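Structure first, then comments.
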Protein chains: 2
Amino acid sequence: MVKERDNVTAQDVAQRAGVSQSAVSRVFTPGASVSKKMAEKVRRAADELGYRTNVLARSLITGRSHLIGLIVAHLDNYFYPEVLEKLSNALQDEGYRVLVFMAQQSAENIDDVLAEILDHQVEGLVMASVTMSSELAARCQAAGVPVVLINRSQDDDWLSAVTSDNFAGGRKLAEFLIAGGHEHFGYIAGWEGASTQRDREAGFRAGLRQAGLDIHSREVGNYRVEAAQEAARRMFARGDHPDAVFVASDHMTFAVMDVLRVELSIRVPEDVSVVGYDDVPPAAWPTYNLTTVRQPANRMVSETVRTMLNQIEDSTAKPHRIAFDGSLIVRGSARVPEGWFE
Amino acid sequence: MVKERDNVTAQDVAQRAGVSQSAVSRVFTPGASVSKKMAEKVRRAADELGYRTNVLARSLITGRSHLIGLIVAHLDNYFYPEVLEKLSNALQDEGYRVLVFMAQQSAENIDDVLAEILDHQVEGLVMASVTMSSELAARCQAAGVPVVLINRSQDDDWLSAVTSDNFAGGRKLAEFLIAGGHEHFGYIAGWEGASTQRDREAGFRAGLRQAGLDIHSREVGNYRVEAAQEAARRMFARGDHPDAVFVASDHMTFAVMDVLRVELSIRVPEDVSVVGYDDVPPAAWPTYNLTTVRQPANRMVSETVRTMLNQIEDSTAKPHRIAFDGSLIVRGSARVPEGWFE
DNA sequence: CTGAAAGCGCTTACAG
DNA sequence: CTGAAAGCGCTTACAG
């Protein structure tokens, strides 16, 4: 037996207050014109009955659900819980609520469930480090549902995307390591399909090239802990290993540092300088004390929200693409160039 | 100018297929009776038009939103992203979707926004390590919205609650440390208002008492990193510090271990054995290699979902309270009693 | 300022 | 199996 949700309706309130149902509705619609007396009468009746307006019904008639769909994956990379938290709070402040979908699974699955999310009449879609099929993107477009990518840019540049400047970040790390007097540079890549991976590597290589240098060894960690560990083993279980390594995300970097120190007895930073990307909380833990590039999560989230609201207000708005500068956070996991802090 | 969501409606499909709107509805209602021919005709028209049923409208009339509200906090404790992820997936498998609310803020705020979440006609509410005012709980009850607490039990036992057996877990840790030959036991507490804190400590103390022992020193970390660091400093910057310490959550334990090793040059486990609670992913990282009690997140989440569905189906269902046994995970952060693995 | 009425996009008895 | 009709709980022109 399914329970009766014997909700108190506006009609009930109207009856008790001795007014019309429209009046009740107006009292609970900001900006509608009602007399003080009316408002008071209605509110009292509403309180007595425990009335609250049914936003489903409201949404149906206004065409505004005030729901934003969020597709997120990789919560084991601690950058994402942070994004989720900040995004949810920011959207909340704007009167929106977040409908989540976890996207661990296959891409096909994503399209399916995304469609279901759309069925809930979300007014927009935020995709955190996840991309969608062009077909579905087109369907969103057609349905007038704006999509904003955060921390991943799609090649087709007709979707809005908010990222940090991964290229610049990669280059900063290269410059820092070069200034530190390193000579052999390793790179442990993230998932090759990701724009973050591509851009960070390109920036890193550009920084090296600028000084006439190149990458000494490269392995792929796919943004996954186990893969990163294996990558580290391959790269460092040899005599001629690099004296500096950039690992494409902090999340992988911790795993790499653990392999170096615990398995291979390689000291950080004495034997090898290690740098990462993201500046997630554990990067600041004394054990890791990781030199990294901070992704400005706050600014990225605010911009995502702003972009989203813009597109919701104005369906003719052009896609907005922006990359925020991330700052180099110098800690102890990499040798610090002399005079760096002066 | 707010965009037109010129949605394709069942009416549009009906027109194109030359059938009634009811027929269209039936085709998209599992279990409704429609002929093969009808179904085919309608589906074709729907595909051509890109029709999908508006779940807002459906929810309004069926009284079932298929939405579950989730109130979560402390995403910096990595147990919660895990819960969020598993819960979202499990609920999804049952045809429900998750509406999130972050509850970092004050308790008052929680009540307000919870009310707003209820306005979305959620069919149930999961609260992860967050409690609500009794007044609001009563309102949920009245509205027929079941509430399930996960990883926190409220004193009033009329709310369903799914936890791990924190008392038993605390006792296991005491027994393990005693077997390891330790003599002075420290305890770094979580937030005193939390049932997890209370039960873990009580279990730990009971385990010690069983052997005629007691806690040597106690500090409060409030389940927060900074507070835990300070607690560790107070406890260990003295000559007569404990030779074993139980920190009430892994999340705090990492901070404590870092203080011990990096700041105070105290070796773990040679000088002090350290144990935690939760078994979040970093506990298995070689650097920490933490002995801890694993909270069975999978089982806790499944049970939460089951309880929720039960209560949704049957409004007369009694509150369900259960505590799962957590297993002791022995790693290297605490001295292992001789013969332990035999 | 207020009420009666239409309508948002569906589901579901009720007849046929 | 199918259609016409009522109704879910609201908002919002339209009159008054």
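Residues are referred to by chain and number: the chain letter is A, B, ... according to the order shown in the structure tokens, the number counts from 1 in that chain, and ligands are numbered separately from 1 in the order shown.
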### Task
Identify, on the basis of only C-alpha atoms (C1' of nucleotides), every residue whose closest approach to DG16 of chain D does not exceed 12 Å; exclude the query and any residue fewer than 3 positions from it along the same chain; express the result as an NGL selection string.
:C and (1-4)
Requested write-out: N, CA and C atoms (P, O5', C5', C4', C3', O3' and C1' of nucleotides) of the selected residues, as a PDB file, in the first residue's frame:
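The new file part15.pdb reads:
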ATOM      1  P    DC C   1      -2.415  46.329  -4.696  1.00  0.00           P
ATOM      2  O5'  DC C   1      -3.839  45.789  -4.243  1.00  0.00           O
ATOM      3  C5'  DC C   1      -4.220  45.800  -2.875  1.00  0.00           C
ATOM      4  C4'  DC C   1      -5.606  45.228  -2.810  1.00  0.00           C
ATOM      5  C3'  DC C   1      -5.649  43.702  -2.718  1.00  0.00           C
ATOM      6  O3'  DC C   1      -6.715  43.337  -1.833  1.00  0.00           O
ATOM      7  C1'  DC C   1      -6.798  44.405  -4.671  1.00  0.00           C
ATOM      8  P    DT C   2      -6.885  41.843  -1.384  1.00  0.00           P
ATOM      9  O5'  DT C   2      -7.867  41.256  -2.461  1.00  0.00           O
ATOM     10  C5'  DT C   2      -9.271  41.300  -2.231  1.00  0.00           C
ATOM     11  C4'  DT C   2      -9.979  40.616  -3.377  1.00  0.00           C
ATOM     12  C3'  DT C   2      -9.763  39.107  -3.430  1.00  0.00           C
ATOM     13  O3'  DT C   2     -10.995  38.494  -3.073  1.00  0.00           O
ATOM     14  C1'  DT C   2      -9.628  40.124  -5.599  1.00  0.00           C
ATOM     15  P    DG C   3     -11.054  36.890  -2.908  1.00  0.00           P
ATOM     16  O5'  DG C   3     -11.763  36.494  -4.273  1.00  0.00           O
ATOM     17  C5'  DG C   3     -12.991  37.133  -4.627  1.00  0.00           C
ATOM     18  C4'  DG C   3     -13.479  36.620  -5.963  1.00  0.00           C
ATOM     19  C3'  DG C   3     -13.436  35.102  -6.117  1.00  0.00           C
ATOM     20  O3'  DG C   3     -14.598  34.716  -6.841  1.00  0.00           O
ATOM     21  C1'  DG C   3     -12.115  36.096  -7.805  1.00  0.00           C
ATOM     22  P    DA C   4     -15.021  33.193  -6.955  1.00  0.00           P
ATOM     23  O5'  DA C   4     -15.176  33.048  -8.543  1.00  0.00           O
ATOM     24  C5'  DA C   4     -15.629  34.149  -9.312  1.00  0.00           C
ATOM     25  C4'  DA C   4     -15.603  33.795 -10.783  1.00  0.00           C
ATOM     26  C3'  DA C   4     -15.772  32.323 -11.111  1.00  0.00           C
ATOM     27  O3'  DA C   4     -16.268  32.228 -12.437  1.00  0.00           O
ATOM     28  C1'  DA C   4     -13.577  32.949 -11.601  1.00  0.00           C
TER      29       DA C   4
END
Tell me, counting only C-alpha atoms (C1' of nucleotides), for each residue of chain A within 8 Å of chain C, which pair of atoms is nearest and how far apart they are in Å to one decimal, in rows ordered by chain and increasing number, as a tab-separated table.
residue	atom	partner	partner_atom	distance
A:Ser20	CA	C:DG3	C1'	6.2
A:Ser22	CA	C:DG3	C1'	7.3
A:Ala23	CA	C:DT2	C1'	7.1
A:Ser33	CA	C:DC1	C1'	7.0
A:Val34	CA	C:DC1	C1'	6.1
A:Ser35	CA	C:DC1	C1'	6.3
A:Leu60	CA	C:DC8	C1'	5.4
A:Ile61	CA	C:DC8	C1'	4.2
A:Thr62	CA	C:DC8	C1'	7.6
A:Gly63	CA	C:DC8	C1'	7.9
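With only C-alpha atoms as the atoms that count, the residue of B:Phe246, B:Tyr96, B:Phe236, B:Phe101 with the shortest distance to chain A is B:Phe101.
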### Message
Would you mind listing, as an NGL selection string, all residues of chain A that have at least one atom within 8 Å of chain B, where only C-alpha atoms are what counts?
### Response
:A and (1-7 or 52-57 or 59-60 or 63 or 75-76 or 81-82 or 85 or 88-89 or 97-102 or 119-121 or 143-144 or 255 or 258-259 or 262 or 285-287 or 312-315)
### Message
Give me, as an MDAnalysis selection string, the residues of segment 36-172 of chain A that a backbone DSSP run labels helix (DSSP H, G or I).
### Response
chainID A and resid 36:49 55:62 79:93 107:119 134:143 166:172
### Query
What lies within 10 Å of segment 240-245 of chain A using only C-alpha atoms (C1' of nucleotides), ignoring chain neighbours under 3 positions off, as a ChimeraX atom specification?
/A:173-174,177-178,180-188,215-218,232,234-237,248,253,256,268-276,334-335
Any chance you could dump chain A, least-squares fitted to chain B on all C-alpha atoms in order, as a CSV table (one decimal) with C-alpha atoms, in the first residue's frame?
chain,number,residue,atom,x,y,z
A,1,MET,CA,14.0,37.4,-22.1
A,2,VAL,CA,13.5,33.9,-20.7
A,3,LYS,CA,13.7,31.3,-23.3
A,4,GLU,CA,10.7,29.3,-24.5
A,5,ARG,CA,11.1,25.7,-23.6
A,6,ASP,CA,8.8,24.7,-26.4
A,7,ASN,CA,8.6,21.2,-25.3
A,8,VAL,CA,7.0,18.5,-27.4
A,9,THR,CA,3.9,17.3,-25.5
A,10,ALA,CA,2.0,14.1,-25.6
A,11,GLN,CA,-0.7,16.1,-27.4
A,12,ASP,CA,1.7,16.9,-30.2
A,13,VAL,CA,2.6,13.2,-30.6
A,14,ALA,CA,-1.1,12.3,-30.5
A,15,GLN,CA,-1.9,14.6,-33.2
A,16,ARG,CA,0.9,13.4,-35.5
A,17,ALA,CA,0.1,9.8,-34.8
A,18,GLY,CA,-3.6,10.4,-35.2
A,19,VAL,CA,-4.6,9.0,-31.9
A,20,SER,CA,-5.7,10.3,-28.5
A,21,GLN,CA,-3.5,11.9,-26.0
A,22,SER,CA,-4.4,9.2,-23.5
A,23,ALA,CA,-3.1,6.6,-25.9
A,24,VAL,CA,0.2,8.3,-26.0
A,25,SER,CA,0.4,8.4,-22.3
A,26,ARG,CA,-0.4,4.7,-22.1
A,27,VAL,CA,2.4,3.8,-24.5
A,28,PHE,CA,4.8,5.5,-22.2
A,29,THR,CA,3.3,4.0,-19.0
A,30,PRO,CA,4.8,0.6,-18.3
A,31,GLY,CA,2.0,-1.9,-17.8
A,32,ALA,CA,-0.7,0.1,-19.5
A,33,SER,CA,-2.7,-1.8,-22.1
A,34,VAL,CA,-2.0,-0.8,-25.7
A,35,SER,CA,-2.0,-2.8,-28.9
A,36,LYS,CA,1.2,-3.4,-30.7
A,37,LYS,CA,0.0,-1.4,-33.6
A,38,MET,CA,-0.8,1.6,-31.5
A,39,ALA,CA,2.5,1.4,-29.6
A,40,GLU,CA,4.4,1.3,-32.8
A,41,LYS,CA,2.5,4.2,-34.4
A,42,VAL,CA,3.0,6.3,-31.3
A,43,ARG,CA,6.6,5.5,-30.8
A,44,ARG,CA,7.4,6.5,-34.3
A,45,ALA,CA,5.7,9.8,-34.0
A,46,ALA,CA,7.4,10.4,-30.6
A,47,ASP,CA,10.8,9.6,-32.1
A,48,GLU,CA,10.2,11.9,-35.0
A,49,LEU,CA,9.2,14.7,-32.7
A,50,GLY,CA,11.8,13.9,-30.0
A,51,TYR,CA,9.1,13.5,-27.4
A,52,ARG,CA,9.9,12.5,-23.8
A,53,THR,CA,7.4,12.5,-21.0
A,54,ASN,CA,7.5,15.4,-18.7
A,55,VAL,CA,8.1,13.8,-15.3
A,56,LEU,CA,7.1,17.0,-13.5
A,57,ALA,CA,3.6,16.6,-14.9
A,58,ARG,CA,3.6,12.9,-14.2
A,59,SER,CA,4.8,13.4,-10.7
A,60,LEU,CA,2.1,15.9,-10.0
A,61,ILE,CA,-0.6,13.6,-11.0
A,62,THR,CA,0.8,10.3,-9.6
A,63,GLY,CA,2.0,11.9,-6.4
A,64,ARG,CA,5.4,10.2,-6.9
A,65,SER,CA,8.3,12.4,-7.6
A,66,HIS,CA,10.9,9.6,-7.5
A,67,LEU,CA,13.2,12.1,-5.8
A,68,ILE,CA,15.1,11.5,-2.7
A,69,GLY,CA,16.6,14.4,-0.8
A,70,LEU,CA,20.2,13.9,0.5
A,71,ILE,CA,21.6,16.2,3.1
A,72,VAL,CA,25.4,15.8,3.4
A,73,ALA,CA,28.2,17.6,5.1
A,74,HIS,CA,31.9,17.2,5.6
A,75,LEU,CA,32.8,16.1,2.1
A,76,ASP,CA,36.4,16.7,3.2
A,77,ASN,CA,36.1,13.5,5.2
A,78,TYR,CA,36.5,11.1,2.4
A,79,PHE,CA,34.0,8.7,3.8
A,80,TYR,CA,31.2,11.0,2.6
A,81,PRO,CA,32.0,11.3,-1.1
A,82,GLU,CA,32.0,7.5,-1.0
A,83,VAL,CA,28.6,7.4,0.6
A,84,LEU,CA,27.3,10.0,-1.8
A,85,GLU,CA,28.5,8.0,-4.8
A,86,LYS,CA,27.3,4.7,-3.7
A,87,LEU,CA,24.0,6.0,-2.6
A,88,SER,CA,23.4,7.9,-5.7
A,89,ASN,CA,24.1,4.8,-7.8
A,90,ALA,CA,22.0,2.6,-5.7
A,91,LEU,CA,19.0,4.9,-5.7
A,92,GLN,CA,19.4,5.4,-9.4
A,93,ASP,CA,19.2,1.6,-9.9
A,94,GLU,CA,15.8,1.8,-8.1
A,95,GLY,CA,14.5,4.5,-10.3
A,96,TYR,CA,15.1,7.4,-7.9
A,97,ARG,CA,17.2,10.5,-8.3
A,98,VAL,CA,19.1,12.4,-5.7
A,99,LEU,CA,18.5,16.0,-4.8
A,100,VAL,CA,21.5,17.2,-2.8
A,101,PHE,CA,21.8,19.7,-0.2
A,102,MET,CA,25.2,20.6,1.5
A,103,ALA,CA,24.8,21.2,5.2
A,104,GLN,CA,28.0,22.8,6.2
A,105,GLN,CA,26.3,25.7,7.8
A,106,SER,CA,24.3,26.2,11.0
A,107,ALA,CA,21.6,23.9,12.2
A,108,GLU,CA,18.9,26.6,11.7
A,109,ASN,CA,19.9,26.9,8.1
A,110,ILE,CA,19.5,23.1,7.7
A,111,ASP,CA,15.9,23.3,8.8
A,112,ASP,CA,15.2,26.1,6.4
A,113,VAL,CA,16.6,24.4,3.4
A,114,LEU,CA,15.3,21.1,4.4
A,115,ALA,CA,11.9,22.6,4.2
A,116,GLU,CA,12.7,23.8,0.7
A,117,ILE,CA,13.8,20.3,-0.3
A,118,LEU,CA,10.5,19.0,1.0
A,119,ASP,CA,8.7,21.5,-1.2
A,120,HIS,CA,10.2,19.6,-4.1
A,121,GLN,CA,8.0,16.7,-3.0
A,122,VAL,CA,10.9,14.4,-2.3
A,123,GLU,CA,9.7,10.9,-1.3
A,124,GLY,CA,12.3,10.5,1.3
A,125,LEU,CA,15.2,12.1,3.0
A,126,VAL,CA,18.6,10.6,3.7
A,127,MET,CA,20.8,12.5,6.2
A,128,ALA,CA,24.4,11.6,6.2
A,129,SER,CA,25.9,12.4,9.5
A,130,VAL,CA,23.6,15.3,10.0
A,131,THR,CA,20.7,15.5,12.4
A,132,MET,CA,17.6,17.6,12.1
A,133,SER,CA,15.5,19.4,14.7
A,134,SER,CA,12.7,17.3,16.2
A,135,GLU,CA,10.2,19.8,14.9
A,136,LEU,CA,11.3,19.2,11.3
A,137,ALA,CA,11.4,15.5,11.8
A,138,ALA,CA,7.9,15.7,13.0
A,139,ARG,CA,6.9,17.6,9.9
A,140,CYS,CA,8.4,15.0,7.7
A,141,GLN,CA,6.6,12.4,9.6
A,142,ALA,CA,3.4,14.3,9.1
A,143,ALA,CA,4.0,14.8,5.4
A,144,GLY,CA,4.7,11.1,5.1
A,145,VAL,CA,8.3,11.6,4.1
A,146,PRO,CA,10.5,8.9,5.6
A,147,VAL,CA,13.8,9.9,7.0
A,148,VAL,CA,16.8,7.7,7.2
A,149,LEU,CA,20.0,8.7,9.1
A,150,ILE,CA,23.2,7.2,7.8
A,151,ASN,CA,26.3,7.2,10.0
A,152,ARG,CA,24.7,9.0,12.8
A,153,SER,CA,22.0,7.9,15.1
A,154,GLN,CA,19.7,10.4,16.8
A,155,ASP,CA,18.9,9.9,20.4
A,156,ASP,CA,15.2,9.8,19.7
A,157,ASP,CA,14.9,6.4,18.3
A,158,TRP,CA,11.9,7.0,16.2
A,159,LEU,CA,14.0,7.8,13.2
A,160,SER,CA,15.5,5.1,11.1
A,161,ALA,CA,19.2,5.0,11.3
A,162,VAL,CA,21.9,2.9,9.6
A,163,THR,CA,25.4,3.0,11.2
A,164,SER,CA,28.2,0.6,11.8
A,165,ASP,CA,28.6,-0.8,15.2
A,166,ASN,CA,30.9,1.9,16.5
A,167,PHE,CA,31.0,0.5,20.0
A,168,ALA,CA,32.2,-2.9,18.8
A,169,GLY,CA,34.7,-1.2,16.6
A,170,GLY,CA,36.1,0.9,19.4
A,171,ARG,CA,36.4,-2.2,21.5
A,172,LYS,CA,38.2,-4.2,18.8
A,173,LEU,CA,40.8,-1.5,18.6
A,174,ALA,CA,41.3,-1.5,22.3
A,175,GLU,CA,41.7,-5.3,22.3
A,176,PHE,CA,44.2,-5.1,19.4
A,177,LEU,CA,46.3,-2.4,21.1
A,178,ILE,CA,46.3,-4.3,24.3
A,179,ALA,CA,47.3,-7.5,22.6
A,180,GLY,CA,50.1,-5.5,21.1
A,181,GLY,CA,51.5,-4.9,24.5
A,182,HIS,CA,50.8,-1.2,24.8
A,183,GLU,CA,50.4,0.4,28.2
A,184,HIS,CA,49.4,4.0,27.8
A,185,PHE,CA,46.4,4.7,25.7
A,186,GLY,CA,45.5,8.0,24.2
A,187,TYR,CA,42.2,8.9,22.6
A,188,ILE,CA,41.5,11.8,20.3
A,189,ALA,CA,37.8,12.4,20.2
A,190,GLY,CA,35.6,13.6,17.4
A,191,TRP,CA,32.8,16.1,17.8
A,192,GLU,CA,31.2,15.3,21.1
A,193,GLY,CA,27.7,15.8,19.8
A,194,ALA,CA,28.0,12.9,17.4
A,195,SER,CA,26.8,9.4,18.2
A,196,THR,CA,29.8,8.0,16.3
A,197,GLN,CA,32.2,9.8,18.6
A,198,ARG,CA,30.3,8.7,21.7
A,199,ASP,CA,30.0,5.1,20.7
A,200,ARG,CA,33.6,4.7,19.5
A,201,GLU,CA,34.9,6.1,22.7
A,202,ALA,CA,32.6,4.0,24.8
A,203,GLY,CA,33.6,0.9,23.0
A,204,PHE,CA,37.3,1.8,23.3
A,205,ARG,CA,37.0,2.4,27.0
A,206,ALA,CA,35.0,-0.8,27.5
A,207,GLY,CA,37.7,-2.7,25.8
A,208,LEU,CA,40.4,-1.2,28.0
A,209,ARG,CA,38.3,-1.7,31.2
A,210,GLN,CA,37.9,-5.4,30.3
A,211,ALA,CA,41.7,-5.7,30.8
A,212,GLY,CA,41.7,-3.5,33.9
A,213,LEU,CA,43.0,-0.5,31.9
A,214,ASP,CA,42.0,3.0,31.3
A,215,ILE,CA,42.6,5.9,29.0
A,216,HIS,CA,45.9,7.7,29.8
A,217,SER,CA,45.1,11.0,28.0
A,218,ARG,CA,42.3,12.4,26.0
A,219,GLU,CA,42.0,15.3,23.7
A,220,VAL,CA,39.2,16.6,21.4
A,221,GLY,CA,39.7,16.9,17.6
A,222,ASN,CA,36.1,17.6,16.7
A,223,TYR,CA,36.4,15.6,13.5
A,224,ARG,CA,38.4,18.5,12.1
A,225,VAL,CA,41.9,18.5,10.8
A,226,GLU,CA,43.2,21.6,12.5
A,227,ALA,CA,41.6,20.7,15.8
A,228,ALA,CA,43.1,17.2,15.5
A,229,GLN,CA,46.6,18.6,14.9
A,230,GLU,CA,46.3,20.8,18.0
A,231,ALA,CA,45.0,17.8,19.9
A,232,ALA,CA,48.0,15.8,18.8
A,233,ARG,CA,50.4,18.5,19.8
A,234,ARG,CA,48.9,18.8,23.2
A,235,MET,CA,49.0,15.1,23.7
A,236,PHE,CA,52.5,14.3,22.4
A,237,ALA,CA,54.6,17.4,23.1
A,238,ARG,CA,55.1,16.0,26.6
A,239,GLY,CA,57.5,13.4,27.9
A,240,ASP,CA,54.9,11.0,29.3
A,241,HIS,CA,52.8,10.7,26.1
A,242,PRO,CA,50.9,7.5,25.3
A,243,ASP,CA,52.4,4.6,23.4
A,244,ALA,CA,49.2,4.0,21.5
A,245,VAL,CA,46.5,6.4,20.3
A,246,PHE,CA,43.1,5.9,18.8
A,247,VAL,CA,42.0,8.8,16.7
A,248,ALA,CA,38.2,8.8,16.2
A,249,SER,CA,38.3,9.1,12.4
A,250,ASP,CA,40.8,8.4,9.7
A,251,HIS,CA,40.4,11.9,8.4
A,252,MET,CA,41.8,13.2,11.7
A,253,THR,CA,44.3,10.4,11.9
A,254,PHE,CA,46.2,11.5,8.9
A,255,ALA,CA,46.7,14.9,10.4
A,256,VAL,CA,47.8,13.4,13.7
A,257,MET,CA,50.3,11.1,12.0
A,258,ASP,CA,51.7,14.0,10.1
A,259,VAL,CA,52.2,16.0,13.3
A,260,LEU,CA,53.8,13.1,15.0
A,261,ARG,CA,56.3,12.3,12.2
A,262,VAL,CA,57.0,15.7,10.7
A,263,GLU,CA,56.7,18.1,13.5
A,264,LEU,CA,57.6,16.0,16.5
A,265,SER,CA,59.8,13.4,15.0
A,266,ILE,CA,57.9,10.6,16.7
A,267,ARG,CA,58.1,7.4,14.7
A,268,VAL,CA,55.0,5.4,13.9
A,269,PRO,CA,54.6,2.7,14.9
A,270,GLU,CA,58.0,2.3,16.6
A,271,ASP,CA,57.4,5.1,19.2
A,272,VAL,CA,53.6,5.3,19.1
A,273,SER,CA,51.0,3.0,17.6
A,274,VAL,CA,48.3,4.8,15.8
A,275,VAL,CA,44.8,3.5,14.8
A,276,GLY,CA,41.9,5.2,13.2
A,277,TYR,CA,38.3,4.6,12.1
A,278,ASP,CA,36.6,4.4,8.7
A,279,ASP,CA,39.1,2.9,6.3
A,280,VAL,CA,38.9,5.7,3.8
A,281,PRO,CA,41.1,5.3,0.7
A,282,PRO,CA,44.2,7.2,2.0
A,283,ALA,CA,44.3,4.8,4.9
A,284,ALA,CA,45.7,2.2,2.5
A,285,TRP,CA,48.2,4.6,1.0
A,286,PRO,CA,51.7,3.2,1.9
A,287,THR,CA,52.6,6.4,3.7
A,288,TYR,CA,49.9,6.0,6.2
A,289,ASN,CA,49.3,2.3,6.0
A,290,LEU,CA,46.8,2.8,8.7
A,291,THR,CA,45.3,0.1,11.0
A,292,THR,CA,41.7,1.0,11.3
A,293,VAL,CA,38.1,-0.2,11.4
A,294,ARG,CA,36.4,-0.4,8.1
A,295,GLN,CA,33.0,1.0,7.9
A,296,PRO,CA,31.1,-1.2,5.5
A,297,ALA,CA,29.9,1.5,3.2
A,298,ASN,CA,28.4,-0.8,0.7
A,299,ARG,CA,26.3,-2.6,3.2
A,300,MET,CA,25.4,0.6,5.0
A,301,VAL,CA,24.2,2.2,1.7
A,302,SER,CA,22.2,-0.9,0.6
A,303,GLU,CA,20.5,-1.0,3.9
A,304,THR,CA,19.8,2.7,3.8
A,305,VAL,CA,18.2,2.3,0.4
A,306,ARG,CA,16.2,-0.8,1.4
A,307,THR,CA,15.0,0.9,4.5
A,308,MET,CA,14.0,3.9,2.5
A,309,LEU,CA,12.1,2.0,-0.1
A,310,ASN,CA,10.4,0.0,2.6
A,311,GLN,CA,9.2,3.1,4.3
A,312,ILE,CA,8.0,4.6,1.1
A,313,GLU,CA,6.0,1.5,0.2
A,314,ASP,CA,4.6,1.1,3.7
A,315,SER,CA,3.9,4.2,5.6
A,316,THR,CA,3.1,2.1,8.7
A,317,ALA,CA,6.6,0.6,8.7
A,318,LYS,CA,8.4,1.0,12.1
A,319,PRO,CA,11.6,2.9,12.2
A,320,HIS,CA,14.5,0.6,11.4
A,321,ARG,CA,17.7,0.9,13.3
A,322,ILE,CA,20.7,-1.2,12.5
A,323,ALA,CA,24.5,-1.2,13.2
A,324,PHE,CA,26.7,-3.2,10.9
A,325,ASP,CA,29.8,-4.9,12.2
A,326,GLY,CA,33.0,-3.2,10.9
A,327,SER,CA,36.1,-5.2,10.4
A,328,LEU,CA,39.4,-4.5,11.9
A,329,ILE,CA,41.9,-3.8,9.1
A,330,VAL,CA,45.4,-4.5,10.3
A,331,ARG,CA,48.1,-2.5,8.6
A,332,GLY,CA,51.5,-1.1,9.7
A,333,SER,CA,50.6,2.0,11.7
A,334,ALA,CA,50.4,0.1,14.9
A,335,ARG,CA,52.5,-2.6,16.4
A,336,VAL,CA,51.1,-6.0,15.4
A,337,PRO,CA,50.7,-8.5,18.3
A,338,GLU,CA,52.8,-11.6,17.9
A,339,GLY,CA,51.1,-14.4,16.2
A,340,TRP,CA,48.2,-12.1,15.2
A,341,PHE,CA,48.0,-13.5,11.7
A,342,GLU,CA,48.2,-17.1,12.7
If you run DSSP on the backbone here, which positions in segment 182-221 of chain B get strand (DSSP E or B)? Please write them as a CSV table (one decimal) with C-alpha atoms, in the first residue's frame.
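Final output, selection.csv:
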chain,number,residue,atom,x,y,z
B,185,PHE,CA,46.4,4.7,25.7
B,186,GLY,CA,45.5,8.0,24.2
B,187,TYR,CA,42.2,8.9,22.6
B,188,ILE,CA,41.6,11.8,20.3
B,189,ALA,CA,37.8,12.4,20.2
B,215,ILE,CA,42.7,5.9,29.0
B,216,HIS,CA,45.9,7.7,29.8
B,217,SER,CA,45.2,11.0,28.0
B,218,ARG,CA,42.3,12.4,26.0
B,219,GLU,CA,42.0,15.3,23.7
B,220,VAL,CA,39.2,16.5,21.4
